[in-house]
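Reviewing the structure listed below.
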Amino acid sequence: MARSEFYGRGCGVCGGVITGAMSAHHIDADQKDPGAMRSLKEERVRDELEKCIPLCHNHHFQVHAALSNGCATWPLEDIIAKLKREHRAWVLEQAAELTKETL
Ligand SMILES: [Zn+2]
């Protein structure tokens, strides 16, 4: 999968596609090939992206923060699910604020 197609799938947490602010999170850190993402060989990059999920920079940072703050033993799916719940709650909170302002 080409980079543009990979990142075009949107952040695994919020679904956002933020041009220039997307990153690839390795599902299994042990499978990471250091330097592959900077490779000029398209095939090496494609192989590396197969091991990753796209995240916006904000949520990529939050996944790593969760991993270093007590969630290190959690499956990645559970961390993503937790962040999705928090993101949804934040969106609903912002929407409620906007509704108040327009009344
Ligand atoms: Zn995101």
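The way I read the labels, and the way they are meant: chains A, B, ... in the order of the structure tokens, residue 1 as the first residue of every chain, and ligand 1 as the first ligand shown, with later ones counted on from there.
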
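For ligand 1, the neighbouring protein, DNA and RNA residues, which are those within 7 Å when only C-alpha atoms and all ligand atoms are counted, are A:Cys11, A:Gly12, A:Val13, A:Cys14, A:Gly15, A:Gly16, A:Leu55, A:Cys56, A:His57, A:Asn58, A:His59.
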
request  = Select from segment 11-94 of chain A everything DSSP, run on the backbone, classes as strand (DSSP E), then give the selection as a count of residues only.
outcome  = 10

inquiry  = Taking 5 positions as the minimum chain separation for residues in the same chain, which residues sit within 12 Å of Ala29 of chain A when counting only C-alpha atoms? Answer as a ChimeraX atom specification.
reply    = /A:24,34,48,51-53,64,67,72,76

Filtering to N, CA and C atoms, could you give me those residues as a short mmCIF file (atom, residue, chain, number, x, y, z; two decimals), in the first residue's frame?
```
data_model
loop_
_atom_site.label_atom_id
_atom_site.label_comp_id
_atom_site.auth_asym_id
_atom_site.auth_seq_id
_atom_site.Cartn_x
_atom_site.Cartn_y
_atom_site.Cartn_z
N ALA A 24 2.49 6.56 11.21
CA ALA A 24 2.22 5.12 11.20
C ALA A 24 2.64 4.54 12.55
N PRO A 34 13.78 -0.50 11.77
CA PRO A 34 14.25 0.89 11.91
C PRO A 34 14.77 1.45 10.58
N GLU A 48 6.62 -2.07 5.34
CA GLU A 48 6.58 -1.56 6.71
C GLU A 48 5.17 -1.08 7.07
N LYS A 51 2.58 -3.33 8.60
CA LYS A 51 2.68 -3.66 10.04
C LYS A 51 2.10 -2.55 10.92
N CYS A 52 1.50 -1.55 10.30
CA CYS A 52 1.12 -0.33 11.03
C CYS A 52 -0.35 0.02 10.88
N ILE A 53 -0.80 0.89 11.79
CA ILE A 53 -2.10 1.54 11.61
C ILE A 53 -1.83 3.05 11.50
N HIS A 64 1.24 6.43 22.62
CA HIS A 64 2.52 6.21 23.29
C HIS A 64 2.46 6.66 24.76
N LEU A 67 0.80 3.87 26.60
CA LEU A 67 1.73 2.73 26.75
C LEU A 67 2.72 2.97 27.89
N ALA A 72 0.83 -0.48 29.29
CA ALA A 72 1.85 -1.18 28.51
C ALA A 72 1.50 -2.63 28.24
N LEU A 76 -3.20 -3.45 21.85
CA LEU A 76 -3.36 -2.16 21.16
C LEU A 76 -4.84 -1.84 20.91
#
```
